[in-house]
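Just data_10.cif here, mmCIF, C-alpha atoms:
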```cif
data_target
#
loop_
_atom_site.label_atom_id
_atom_site.label_comp_id
_atom_site.auth_asym_id
_atom_site.auth_seq_id
_atom_site.Cartn_x
_atom_site.Cartn_y
_atom_site.Cartn_z
CA MET A 1 -34.50 10.25 -7.41
CA PRO A 2 -31.95 12.31 -5.43
CA ARG A 3 -31.61 16.04 -6.09
CA GLN A 4 -28.75 17.11 -8.38
CA SER A 5 -26.62 18.46 -5.55
CA ASP A 6 -27.23 15.28 -3.57
CA SER A 7 -26.29 13.04 -6.47
CA ARG A 8 -22.87 14.73 -6.73
CA GLU A 9 -22.19 14.11 -3.03
CA GLU A 10 -23.54 10.55 -3.22
CA MET A 11 -21.29 9.77 -6.18
CA ILE A 12 -18.23 11.04 -4.32
CA LYS A 13 -19.15 8.99 -1.24
CA ALA A 14 -19.60 5.92 -3.44
CA GLY A 15 -16.20 6.61 -5.01
CA ARG A 16 -14.56 6.63 -1.58
CA ARG A 17 -16.12 3.26 -0.74
CA LEU A 18 -15.32 1.68 -4.11
CA TYR A 19 -11.70 2.90 -4.26
CA SER A 20 -11.14 1.55 -0.76
CA VAL A 21 -12.55 -1.90 -1.57
CA ARG A 22 -11.50 -2.53 -5.17
CA GLY A 23 -8.91 0.17 -5.89
CA TYR A 24 -8.91 3.05 -8.34
CA ALA A 25 -8.22 1.38 -11.71
CA ARG A 26 -11.08 -1.10 -11.37
CA THR A 27 -13.70 1.48 -10.40
CA ALA A 28 -15.69 2.60 -13.47
CA PHE A 29 -18.36 5.31 -13.58
CA SER A 30 -20.93 2.54 -14.12
CA ASP A 31 -19.96 1.14 -10.69
CA VAL A 32 -20.23 4.59 -9.12
CA LEU A 33 -23.71 5.10 -10.60
CA ALA A 34 -24.87 1.66 -9.44
CA GLU A 35 -23.49 2.19 -5.93
CA SER A 36 -24.82 5.75 -5.51
CA GLY A 37 -28.14 5.49 -7.34
CA ALA A 38 -27.31 8.71 -9.22
CA PRO A 39 -28.85 9.13 -12.67
CA ARG A 40 -26.57 8.41 -15.66
CA GLY A 41 -26.55 12.05 -16.78
CA SER A 42 -24.84 12.99 -13.53
CA VAL A 43 -21.45 11.86 -14.75
CA TYR A 44 -20.84 14.55 -17.34
CA PHE A 45 -23.06 17.11 -15.61
CA HIS A 46 -21.06 16.99 -12.38
CA PHE A 47 -17.69 15.77 -13.67
CA PRO A 48 -17.18 17.11 -17.20
CA GLY A 49 -13.45 16.38 -16.84
CA GLY A 50 -14.21 12.67 -16.58
CA LYS A 51 -12.56 10.03 -14.42
CA ASP A 52 -9.57 12.13 -13.33
CA GLU A 53 -11.75 15.03 -12.19
CA PHE A 54 -13.96 12.63 -10.25
CA ALA A 55 -10.93 10.93 -8.66
CA GLY A 56 -9.56 14.33 -7.64
CA GLU A 57 -12.86 15.08 -5.84
CA VAL A 58 -12.80 11.67 -4.13
CA VAL A 59 -9.26 12.33 -2.91
CA ALA A 60 -10.22 15.82 -1.65
CA ALA A 61 -13.37 14.60 0.14
CA HIS A 62 -11.60 11.65 1.72
CA THR A 63 -8.76 13.88 2.90
CA ARG A 64 -11.17 16.40 4.49
CA SER A 65 -13.00 13.60 6.28
CA ALA A 66 -9.83 11.84 7.50
CA GLN A 67 -8.34 15.13 8.73
CA ALA A 68 -11.52 16.06 10.61
CA ARG A 69 -11.51 12.62 12.26
CA LEU A 70 -7.85 13.04 13.24
CA ALA A 71 -8.55 16.46 14.79
CA ARG A 72 -11.49 15.03 16.80
CA LEU A 73 -9.33 12.15 18.00
CA ALA A 74 -6.54 14.53 19.00
CA ALA A 75 -8.98 16.43 21.24
CA THR A 76 -9.14 13.29 23.43
CA CYS A 77 -5.33 12.83 23.69
CA SER A 78 -3.01 14.77 25.98
CA THR A 79 0.46 13.52 24.93
CA PRO A 80 2.12 12.79 21.56
CA GLN A 81 2.40 9.10 22.47
CA ASP A 82 -1.34 8.96 23.31
CA LEU A 83 -2.26 10.43 19.94
CA LEU A 84 0.06 8.15 17.93
CA VAL A 85 -1.30 5.05 19.67
CA ALA A 86 -4.94 6.20 19.50
CA TYR A 87 -4.65 6.88 15.76
CA LEU A 88 -3.35 3.41 14.95
CA GLU A 89 -5.71 1.70 17.42
CA ALA A 90 -8.71 3.39 15.78
CA ALA A 91 -7.48 2.27 12.37
CA ARG A 92 -6.94 -1.27 13.66
CA ASP A 93 -10.43 -1.42 15.18
CA HIS A 94 -11.97 -0.24 11.91
CA ALA A 95 -9.96 -2.81 9.93
CA VAL A 96 -11.10 -5.61 12.26
CA ALA A 97 -14.75 -4.45 12.13
CA THR A 98 -14.71 -4.39 8.31
CA GLU A 99 -12.87 -7.73 8.08
CA TYR A 100 -9.82 -6.16 6.38
CA ARG A 101 -11.80 -5.43 3.22
CA GLU A 102 -11.09 -1.70 3.05
CA GLY A 103 -7.89 -0.05 1.94
CA CYS A 104 -7.06 3.66 1.74
CA PRO A 105 -8.53 5.44 -1.31
CA ILE A 106 -5.58 7.86 -1.36
CA GLY A 107 -3.05 5.03 -1.25
CA ALA A 108 -4.91 3.27 -4.08
CA VAL A 109 -4.77 6.38 -6.27
CA ILE A 110 -1.07 6.86 -5.55
CA LEU A 111 -0.25 3.26 -6.48
CA GLU A 112 -2.49 2.97 -9.52
CA SER A 113 -2.43 6.37 -11.25
CA ALA A 114 1.32 6.79 -11.85
CA GLN A 115 1.21 6.06 -15.57
CA ALA A 116 -2.41 6.86 -16.34
CA SER A 117 -2.45 10.28 -14.72
CA PRO A 118 0.68 11.79 -13.15
CA GLU A 119 -1.27 14.97 -12.22
CA LEU A 120 -3.81 12.95 -10.24
CA GLN A 121 -0.99 11.06 -8.53
CA ALA A 122 0.67 14.35 -7.62
CA SER A 123 -2.55 15.73 -6.13
CA ALA A 124 -3.01 12.57 -4.04
CA GLY A 125 0.60 12.97 -2.90
CA LYS A 126 -0.11 16.56 -1.82
CA ALA A 127 -3.19 15.41 0.09
CA MET A 128 -1.10 12.87 1.98
CA ALA A 129 1.59 15.47 2.73
CA SER A 130 -1.05 17.83 4.11
CA SER A 131 -2.38 15.11 6.44
CA ILE A 132 1.15 14.47 7.73
CA ALA A 133 1.64 18.22 8.32
CA LEU A 134 -1.66 18.43 10.22
CA PHE A 135 -0.69 15.39 12.31
CA ALA A 136 2.73 16.89 13.10
CA GLY A 137 1.05 20.14 14.22
CA LEU A 138 -1.24 18.23 16.57
CA LEU A 139 1.79 16.45 18.06
CA VAL A 140 3.58 19.78 18.58
CA GLU A 141 0.48 21.14 20.36
CA ARG A 142 0.81 18.15 22.72
CA GLY A 143 4.43 18.90 23.55
CA ALA A 144 6.56 17.23 20.84
CA GLY A 145 9.51 19.08 19.31
CA GLU A 146 9.18 19.99 15.62
CA ALA A 147 11.62 17.37 14.30
CA ASP A 148 10.20 14.55 16.44
CA ALA A 149 6.64 15.56 15.53
CA HIS A 150 7.33 15.41 11.81
CA ARG A 151 9.17 12.10 12.10
CA TRP A 152 6.44 10.49 14.24
CA ALA A 153 3.59 11.81 12.09
CA THR A 154 5.31 10.43 8.98
CA ALA A 155 5.89 7.10 10.75
CA ALA A 156 2.24 6.89 11.86
CA VAL A 157 0.77 7.59 8.40
CA THR A 158 3.28 5.19 6.81
CA ALA A 159 2.40 2.53 9.40
CA PHE A 160 -1.29 3.05 8.65
CA GLU A 161 -0.84 2.57 4.88
CA GLY A 162 1.34 -0.50 5.33
CA ALA A 163 -0.90 -2.08 7.97
CA LEU A 164 -3.95 -1.77 5.72
CA ILE A 165 -2.16 -3.88 3.10
CA VAL A 166 -0.48 -6.42 5.37
CA SER A 167 -3.49 -6.97 7.67
CA ARG A 168 -5.56 -7.57 4.53
CA ALA A 169 -2.92 -10.11 3.43
CA LEU A 170 -2.76 -11.91 6.77
CA GLY A 171 -6.40 -11.52 7.83
CA ASP A 172 -5.31 -10.42 11.30
CA PRO A 173 -4.46 -7.18 13.15
CA THR A 174 -0.81 -7.97 13.99
CA PRO A 175 0.57 -5.44 11.47
CA PHE A 176 -1.19 -2.66 13.40
CA ASP A 177 -0.15 -4.05 16.79
CA SER A 178 3.49 -4.49 15.80
CA LEU A 179 3.83 -0.87 14.67
CA ILE A 180 1.83 0.49 17.62
CA ASP A 181 4.50 -1.20 19.75
CA SER A 182 7.35 0.31 17.70
CA LEU A 183 5.91 3.84 17.77
CA ARG A 184 5.19 3.59 21.48
CA HIS A 185 8.87 2.86 22.05
CA ALA A 186 10.02 5.61 19.69
CA ALA A 187 7.80 8.27 21.32
CA ALA A 188 8.35 7.13 24.91
CA MET B 1 13.18 -14.71 -30.97
CA PRO B 2 13.70 -16.17 -27.48
CA ARG B 3 13.35 -19.92 -26.89
CA GLN B 4 10.00 -21.09 -25.43
CA SER B 5 11.41 -21.71 -21.94
CA ASP B 6 13.09 -18.28 -21.99
CA SER B 7 9.92 -16.54 -23.08
CA ARG B 8 8.05 -17.89 -20.05
CA GLU B 9 10.73 -16.55 -17.68
CA GLU B 10 10.94 -13.24 -19.55
CA MET B 11 7.18 -12.78 -19.31
CA ILE B 12 7.23 -13.37 -15.55
CA LYS B 13 10.10 -10.91 -15.12
CA ALA B 14 8.19 -8.35 -17.19
CA GLY B 15 5.12 -8.96 -15.01
CA ARG B 16 7.12 -8.21 -11.87
CA ARG B 17 8.34 -4.92 -13.35
CA LEU B 18 4.92 -3.89 -14.69
CA TYR B 19 2.98 -4.74 -11.51
CA SER B 20 5.48 -2.75 -9.48
CA VAL B 21 5.22 0.35 -11.69
CA ARG B 22 1.58 0.42 -12.76
CA GLY B 23 -0.15 -2.08 -10.49
CA TYR B 24 -1.93 -5.34 -11.23
CA ALA B 25 -5.29 -4.24 -12.68
CA ARG B 26 -3.73 -2.02 -15.35
CA THR B 27 -1.26 -4.65 -16.60
CA ALA B 28 -2.64 -6.47 -19.64
CA PHE B 29 -1.04 -9.42 -21.46
CA SER B 30 -0.40 -7.05 -24.38
CA ASP B 31 1.82 -4.99 -22.04
CA VAL B 32 3.63 -8.12 -20.86
CA LEU B 33 4.30 -9.22 -24.45
CA ALA B 34 5.55 -5.75 -25.43
CA GLU B 35 7.82 -5.52 -22.37
CA SER B 36 9.22 -9.06 -22.64
CA GLY B 37 9.47 -9.46 -26.41
CA ALA B 38 7.76 -12.86 -26.10
CA PRO B 39 5.71 -14.05 -29.12
CA ARG B 40 1.92 -13.64 -28.89
CA GLY B 41 1.33 -17.41 -28.80
CA SER B 42 3.24 -17.58 -25.49
CA VAL B 43 0.27 -16.35 -23.49
CA TYR B 44 -1.95 -19.38 -23.85
CA PHE B 45 0.92 -21.79 -24.35
CA HIS B 46 2.55 -20.92 -21.02
CA PHE B 47 -0.46 -19.62 -19.09
CA PRO B 48 -3.56 -21.50 -20.22
CA GLY B 49 -5.33 -20.34 -17.04
CA GLY B 50 -5.05 -16.74 -18.21
CA LYS B 51 -4.38 -13.60 -16.17
CA ASP B 52 -4.87 -15.17 -12.73
CA GLU B 53 -2.46 -18.02 -13.45
CA PHE B 54 0.11 -15.55 -14.74
CA ALA B 55 -0.34 -13.31 -11.69
CA GLY B 56 0.13 -16.32 -9.41
CA GLU B 57 3.47 -17.06 -11.11
CA VAL B 58 4.52 -13.41 -10.80
CA VAL B 59 3.73 -13.49 -7.08
CA ALA B 60 5.64 -16.77 -6.62
CA ALA B 61 8.71 -15.58 -8.56
CA HIS B 62 8.81 -12.23 -6.79
CA THR B 63 8.49 -13.92 -3.40
CA ARG B 64 11.38 -16.34 -4.15
CA SER B 65 13.57 -13.47 -5.27
CA ALA B 66 12.72 -11.22 -2.29
CA GLN B 67 13.27 -14.07 0.17
CA ALA B 68 16.65 -14.96 -1.36
CA ARG B 69 17.68 -11.29 -1.12
CA LEU B 70 16.59 -11.18 2.53
CA ALA B 71 18.60 -14.32 3.36
CA ARG B 72 21.72 -12.85 1.67
CA LEU B 73 21.29 -9.60 3.60
CA ALA B 74 20.87 -11.49 6.87
CA ALA B 75 24.24 -13.20 6.32
CA THR B 76 25.86 -9.76 6.75
CA CYS B 77 23.99 -8.89 9.99
CA SER B 78 24.84 -10.17 13.46
CA THR B 79 21.99 -8.79 15.61
CA PRO B 80 18.20 -8.49 15.15
CA GLN B 81 18.46 -4.70 15.18
CA ASP B 82 21.16 -4.78 12.46
CA LEU B 83 18.96 -6.91 10.22
CA LEU B 84 15.81 -4.80 10.72
CA VAL B 85 17.69 -1.59 9.93
CA ALA B 86 19.62 -3.10 6.99
CA TYR B 87 16.38 -4.40 5.44
CA LEU B 88 14.67 -1.01 5.49
CA GLU B 89 17.84 0.87 4.49
CA ALA B 90 18.25 -1.37 1.42
CA ALA B 91 14.60 -0.76 0.49
CA ARG B 92 15.05 2.99 0.99
CA ASP B 93 18.19 3.06 -1.18
CA HIS B 94 16.39 1.17 -3.95
CA ALA B 95 13.40 3.54 -3.74
CA VAL B 96 15.67 6.59 -4.00
CA ALA B 97 17.64 5.07 -6.91
CA THR B 98 14.42 4.33 -8.85
CA GLU B 99 12.91 7.74 -8.01
CA TYR B 100 10.00 6.20 -6.05
CA ARG B 101 8.49 4.75 -9.21
CA GLU B 102 8.34 1.14 -8.05
CA GLY B 103 5.84 -0.38 -5.64
CA CYS B 104 5.61 -3.96 -4.39
CA PRO B 105 4.00 -6.39 -6.87
CA ILE B 106 2.63 -8.48 -3.99
CA GLY B 107 1.08 -5.44 -2.31
CA ALA B 108 -0.46 -4.41 -5.64
CA VAL B 109 -2.07 -7.83 -6.11
CA ILE B 110 -3.41 -7.80 -2.53
CA LEU B 111 -5.00 -4.37 -2.97
CA GLU B 112 -6.37 -4.86 -6.46
CA SER B 113 -7.51 -8.48 -6.67
CA ALA B 114 -9.98 -8.63 -3.76
CA GLN B 115 -13.10 -8.59 -5.91
CA ALA B 116 -11.74 -9.85 -9.21
CA SER B 117 -10.02 -12.93 -7.80
CA PRO B 118 -10.23 -13.83 -4.11
CA GLU B 119 -8.07 -16.96 -4.70
CA LEU B 120 -5.27 -14.88 -6.17
CA GLN B 121 -5.53 -12.44 -3.27
CA ALA B 122 -5.32 -15.35 -0.82
CA SER B 123 -2.21 -16.74 -2.50
CA ALA B 124 -0.54 -13.30 -2.38
CA GLY B 125 -1.47 -13.15 1.31
CA LYS B 126 0.17 -16.53 1.90
CA ALA B 127 3.32 -15.35 0.10
CA MET B 128 3.52 -12.34 2.39
CA ALA B 129 2.96 -14.48 5.48
CA SER B 130 5.77 -16.82 4.40
CA SER B 131 8.16 -13.87 4.00
CA ILE B 132 7.30 -12.67 7.51
CA ALA B 133 7.89 -16.18 8.88
CA LEU B 134 11.28 -16.38 7.14
CA PHE B 135 12.20 -12.94 8.48
CA ALA B 136 11.20 -13.94 12.04
CA GLY B 137 13.33 -17.09 11.78
CA LEU B 138 16.35 -15.03 10.71
CA LEU B 139 15.81 -12.73 13.72
CA VAL B 140 15.61 -15.73 16.08
CA GLU B 141 18.90 -17.04 14.62
CA ARG B 142 20.42 -13.68 15.59
CA GLY B 143 19.24 -13.90 19.18
CA ALA B 144 15.68 -12.54 19.28
CA GLY B 145 12.98 -14.33 21.29
CA GLU B 146 10.15 -15.92 19.28
CA ALA B 147 7.48 -13.33 20.19
CA ASP B 148 9.76 -10.34 19.60
CA ALA B 149 11.00 -11.84 16.34
CA HIS B 150 7.50 -12.28 14.97
CA ARG B 151 6.43 -8.80 16.07
CA TRP B 152 9.53 -7.12 14.61
CA ALA B 153 9.37 -9.06 11.34
CA THR B 154 5.70 -8.09 10.93
CA ALA B 155 6.57 -4.47 11.73
CA ALA B 156 9.43 -4.42 9.20
CA VAL B 157 7.38 -5.86 6.32
CA THR B 158 4.47 -3.54 7.18
CA ALA B 159 6.86 -0.56 7.30
CA PHE B 160 8.25 -1.58 3.90
CA GLU B 161 4.79 -1.73 2.26
CA GLY B 162 3.70 1.57 3.78
CA ALA B 163 6.95 3.37 2.98
CA LEU B 164 6.74 2.38 -0.69
CA ILE B 165 3.37 4.17 -0.90
CA VAL B 166 4.14 7.21 1.22
CA SER B 167 7.61 7.86 -0.22
CA ARG B 168 6.01 7.69 -3.67
CA ALA B 169 3.44 10.24 -2.48
CA LEU B 170 5.99 12.60 -0.93
CA GLY B 171 8.85 12.05 -3.37
CA ASP B 172 11.30 11.70 -0.48
CA PRO B 173 12.72 8.93 1.75
CA THR B 174 11.39 10.23 5.11
CA PRO B 175 8.78 7.43 5.42
CA PHE B 176 11.61 4.87 5.43
CA ASP B 177 13.77 6.93 7.79
CA SER B 178 10.94 7.55 10.26
CA LEU B 179 10.18 3.84 10.62
CA ILE B 180 13.85 2.83 10.69
CA ASP B 181 14.05 5.12 13.73
CA SER B 182 10.94 3.54 15.33
CA LEU B 183 12.13 -0.02 14.78
CA ARG B 184 15.60 0.80 16.03
CA HIS B 185 14.02 1.97 19.29
CA ALA B 186 11.71 -1.04 19.53
CA ALA B 187 14.52 -3.56 18.99
CA ALA B 188 17.13 -1.74 21.09
#
```
What is this structure when it is put down as structure tokens?
Amino acid sequence: MPRQSDSREEMIKAGRRLYSVRGYARTAFSDVLAESGAPRGSVYFHFPGGKDEFAGEVVAAHTRSAQARLARLAATCSTPQDLLVAYLEAARDHAVATEYREGCPIGAVILESAQASPELQASAGKAMASSIALFAGLLVERGAGEADAHRWATAAVTAFEGALIVSRALGDPTPFDSLIDSLRHAAA
Amino acid sequence: MPRQSDSREEMIKAGRRLYSVRGYARTAFSDVLAESGAPRGSVYFHFPGGKDEFAGEVVAAHTRSAQARLARLAATCSTPQDLLVAYLEAARDHAVATEYREGCPIGAVILESAQASPELQASAGKAMASSIALFAGLLVERGAGEADAHRWATAAVTAFEGALIVSRALGDPTPFDSLIDSLRHAAA
């Protein structure tokens, strides 16, 4: 049996996987326990606020992880165009490798929590805004002007969210490729 | 009380509205009955196959309506670039007017039905592919080459799906504007 502190982390990791595959509304605590192997008592021990508190932690953990990955990727890119293309190419390669079965947990929460929990939706919205701001800062560091950087970062994150849906629908990577092409032109 | 044939249409219209606002998983037949005013017996009279059959009809009706709207818009556009920009501007204006509360019912079904109903997900995927094919044909009619037309149509539909999520997250239209700018460059 995992230690208490481990079971909290394992549940959050399981939440990230489950939200990405089946969405937020369809993920119950029973699924999270089955996927993580955490003991049943963990739910109210670690997340006394229930499903919304858990979802908030999943959003926060996923955002930290995605932002760290973006910063590592940026370290390998010397121009704004390089970083925009590398970001969407990495996302495309992951989508192909996972056979288009994974969506974005943050996008799922934004789409599915509007009526059930406006506060949760707002916190997922803030997480997405902070990722766009980080992305824009990395583009500025690589020579973009402030206005271009914000526009391109917004375009890249928007392209990512859309391509996860449409590549899942089509079963092919053309949604990523088509927007890589568009952003390459825009940032040329 | 509406006539039987009306109640079927009213239920499907209500399904389109509910899927767009709250997603697919959270929309129960009880919500559809409340929203449409259809009598309780309508569910199994009109949709003996249950929730999946109903969702398939919602996807089909929404696709017909979206494709008809796209064809009408195309009649006012003389170049590929005009049509790409007009499509995303119309979507942006609708998102602003509805305060970012509406998503795409097709996108919701694609994200939320993967595990619950792979057949439904596949039919939503086919609907999206047929809209991209129609869009590409309209771009070819306005002078685009086949390969460009398919790439730009895929980019536009992908931008639309992503911008619905990210503008909902941010509460502003910049996701639409940023990709209108990218596509304008790509199709210049």
If we count only C-alpha atoms and set the cut-off at 8 Å, which residues sit around stretch 27-44 of chain B, ignoring sequence neighbours fewer than 2 positions away in its own chain? Please answer as an NGL selection string.
:B and (1-2 or 4 or 7-8 or 10-11 or 13-15 or 18-19 or 22-25 or 46-51)
Please evaluate the PyMOL selection byres ((chain A) within 7 of (chain B)) against the structure above and give the resulting residues as an mmCIF file with C-alpha atoms, in the coordinates of the input.
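Just written: part.cif:
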```cif
data_model
loop_
_atom_site.group_PDB
_atom_site.id
_atom_site.type_symbol
_atom_site.label_atom_id
_atom_site.label_comp_id
_atom_site.auth_asym_id
_atom_site.auth_seq_id
_atom_site.Cartn_x
_atom_site.Cartn_y
_atom_site.Cartn_z
ATOM 1 C CA ARG A 22 -11.500 -2.530 -5.170
ATOM 2 C CA GLY A 23 -8.910 0.170 -5.890
ATOM 3 C CA ALA A 25 -8.220 1.380 -11.710
ATOM 4 C CA ARG A 26 -11.080 -1.100 -11.370
ATOM 5 C CA GLY A 107 -3.050 5.030 -1.250
ATOM 6 C CA ILE A 110 -1.070 6.860 -5.550
ATOM 7 C CA LEU A 111 -0.250 3.260 -6.480
ATOM 8 C CA GLU A 112 -2.490 2.970 -9.520
ATOM 9 C CA ALA A 114 1.320 6.790 -11.850
ATOM 10 C CA GLN A 115 1.210 6.060 -15.570
ATOM 11 C CA GLY A 125 0.600 12.970 -2.900
ATOM 12 C CA MET A 128 -1.100 12.870 1.980
ATOM 13 C CA ALA A 129 1.590 15.470 2.730
ATOM 14 C CA ARG A 151 9.170 12.100 12.100
ATOM 15 C CA TRP A 152 6.440 10.490 14.240
ATOM 16 C CA THR A 154 5.310 10.430 8.980
ATOM 17 C CA ALA A 155 5.890 7.100 10.750
ATOM 18 C CA THR A 158 3.280 5.190 6.810
ATOM 19 C CA ALA A 159 2.400 2.530 9.400
ATOM 20 C CA GLU A 161 -0.840 2.570 4.880
ATOM 21 C CA GLY A 162 1.340 -0.500 5.330
ATOM 22 C CA ALA A 163 -0.900 -2.080 7.970
ATOM 23 C CA ILE A 165 -2.160 -3.880 3.100
ATOM 24 C CA VAL A 166 -0.480 -6.420 5.370
ATOM 25 C CA ALA A 169 -2.920 -10.110 3.430
ATOM 26 C CA LEU A 170 -2.760 -11.910 6.770
ATOM 27 C CA PRO A 175 0.570 -5.440 11.470
ATOM 28 C CA SER A 178 3.490 -4.490 15.800
ATOM 29 C CA LEU A 179 3.830 -0.870 14.670
ATOM 30 C CA SER A 182 7.350 0.310 17.700
ATOM 31 C CA LEU A 183 5.910 3.840 17.770
ATOM 32 C CA HIS A 185 8.870 2.860 22.050
ATOM 33 C CA ALA A 186 10.020 5.610 19.690
#
```
Could you expand the PyMOL selection byres ((chain A and resi 55-58) around 7) into the explicit residues it covers here, written as a PyMOL selection string?
chain A and resi 12+15-16+51-54+59-62+120
Could you work out how far atom CA of B:Ala86 lies from atom CA of B:Ala71, giving the answer in Å with one decimal?
11.8 Å
Give me, please, the distance in Å between atom CA of A:Pro118 and atom CA of B:Ala95, quoted to one decimal.
17.8 Å
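For the atom pair formed by atom CA of B:Gln67 and atom CA of B:Asp82, the distance is 17.3 Å, given to one decimal.
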Name the residues captured by the PyMOL selection byres ((chain A and resi 136) around 10) when it is applied to the shown file; answer as an mmCIF file with C-alpha atoms, in the frame of the given file.
```cif
data_model
loop_
_atom_site.group_PDB
_atom_site.id
_atom_site.type_symbol
_atom_site.label_atom_id
_atom_site.label_comp_id
_atom_site.auth_asym_id
_atom_site.auth_seq_id
_atom_site.Cartn_x
_atom_site.Cartn_y
_atom_site.Cartn_z
ATOM 1 C CA PRO A 80 2.120 12.790 21.560
ATOM 2 C CA SER A 130 -1.050 17.830 4.110
ATOM 3 C CA SER A 131 -2.380 15.110 6.440
ATOM 4 C CA ILE A 132 1.150 14.470 7.730
ATOM 5 C CA ALA A 133 1.640 18.220 8.320
ATOM 6 C CA LEU A 134 -1.660 18.430 10.220
ATOM 7 C CA PHE A 135 -0.690 15.390 12.310
ATOM 8 C CA GLY A 137 1.050 20.140 14.220
ATOM 9 C CA LEU A 138 -1.240 18.230 16.570
ATOM 10 C CA LEU A 139 1.790 16.450 18.060
ATOM 11 C CA VAL A 140 3.580 19.780 18.580
ATOM 12 C CA GLU A 141 0.480 21.140 20.360
ATOM 13 C CA ARG A 142 0.810 18.150 22.720
ATOM 14 C CA ALA A 144 6.560 17.230 20.840
ATOM 15 C CA GLY A 145 9.510 19.080 19.310
ATOM 16 C CA GLU A 146 9.180 19.990 15.620
ATOM 17 C CA ALA A 147 11.620 17.370 14.300
ATOM 18 C CA ASP A 148 10.200 14.550 16.440
ATOM 19 C CA ALA A 149 6.640 15.560 15.530
ATOM 20 C CA HIS A 150 7.330 15.410 11.810
ATOM 21 C CA ARG A 151 9.170 12.100 12.100
ATOM 22 C CA TRP A 152 6.440 10.490 14.240
ATOM 23 C CA ALA A 153 3.590 11.810 12.090
ATOM 24 C CA THR A 154 5.310 10.430 8.980
#
```
Got a minute to add N, CA and C atoms to stretch 112-124 of chain A and dump it as a PDB file, in the frame of the given file?
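Generated file (part_12.pdb):
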```pdb
ATOM      1  N   GLU A 112      -1.924   3.403  -8.233  1.00  0.00           N
ATOM      2  CA  GLU A 112      -2.490   2.970  -9.520  1.00  0.00           C
ATOM      3  C   GLU A 112      -2.539   4.049 -10.584  1.00  0.00           C
ATOM      4  N   SER A 113      -2.244   5.306 -10.252  1.00  0.00           N
ATOM      5  CA  SER A 113      -2.430   6.370 -11.250  1.00  0.00           C
ATOM      6  C   SER A 113      -1.117   6.872 -11.838  1.00  0.00           C
ATOM      7  N   ALA A 114       0.013   6.248 -11.446  1.00  0.00           N
ATOM      8  CA  ALA A 114       1.320   6.790 -11.850  1.00  0.00           C
ATOM      9  C   ALA A 114       1.418   6.977 -13.353  1.00  0.00           C
ATOM     10  N   GLN A 115       1.048   5.945 -14.121  1.00  0.00           N
ATOM     11  CA  GLN A 115       1.210   6.060 -15.570  1.00  0.00           C
ATOM     12  C   GLN A 115       0.001   6.699 -16.221  1.00  0.00           C
ATOM     13  N   ALA A 116      -1.191   6.391 -15.695  1.00  0.00           N
ATOM     14  CA  ALA A 116      -2.410   6.860 -16.340  1.00  0.00           C
ATOM     15  C   ALA A 116      -2.591   8.359 -16.144  1.00  0.00           C
ATOM     16  N   SER A 117      -2.200   8.877 -14.996  1.00  0.00           N
ATOM     17  CA  SER A 117      -2.450  10.280 -14.720  1.00  0.00           C
ATOM     18  C   SER A 117      -1.487  10.824 -13.655  1.00  0.00           C
ATOM     19  N   PRO A 118      -0.314  11.265 -14.105  1.00  0.00           N
ATOM     20  CA  PRO A 118       0.680  11.790 -13.150  1.00  0.00           C
ATOM     21  C   PRO A 118       0.143  12.978 -12.350  1.00  0.00           C
ATOM     22  N   GLU A 119      -0.742  13.810 -12.955  1.00  0.00           N
ATOM     23  CA  GLU A 119      -1.270  14.970 -12.220  1.00  0.00           C
ATOM     24  C   GLU A 119      -2.132  14.501 -11.055  1.00  0.00           C
ATOM     25  N   LEU A 120      -2.969  13.492 -11.309  1.00  0.00           N
ATOM     26  CA  LEU A 120      -3.810  12.950 -10.240  1.00  0.00           C
ATOM     27  C   LEU A 120      -2.931  12.357  -9.135  1.00  0.00           C
ATOM     28  N   GLN A 121      -1.896  11.633  -9.531  1.00  0.00           N
ATOM     29  CA  GLN A 121      -0.990  11.060  -8.530  1.00  0.00           C
ATOM     30  C   GLN A 121      -0.355  12.169  -7.695  1.00  0.00           C
ATOM     31  N   ALA A 122       0.048  13.245  -8.352  1.00  0.00           N
ATOM     32  CA  ALA A 122       0.670  14.350  -7.620  1.00  0.00           C
ATOM     33  C   ALA A 122      -0.324  14.985  -6.649  1.00  0.00           C
ATOM     34  N   SER A 123      -1.595  15.090  -7.049  1.00  0.00           N
ATOM     35  CA  SER A 123      -2.550  15.730  -6.130  1.00  0.00           C
ATOM     36  C   SER A 123      -2.842  14.808  -4.940  1.00  0.00           C
ATOM     37  N   ALA A 124      -2.850  13.503  -5.165  1.00  0.00           N
ATOM     38  CA  ALA A 124      -3.010  12.570  -4.040  1.00  0.00           C
ATOM     39  C   ALA A 124      -1.784  12.639  -3.117  1.00  0.00           C
TER      40      ALA A 124
END
```
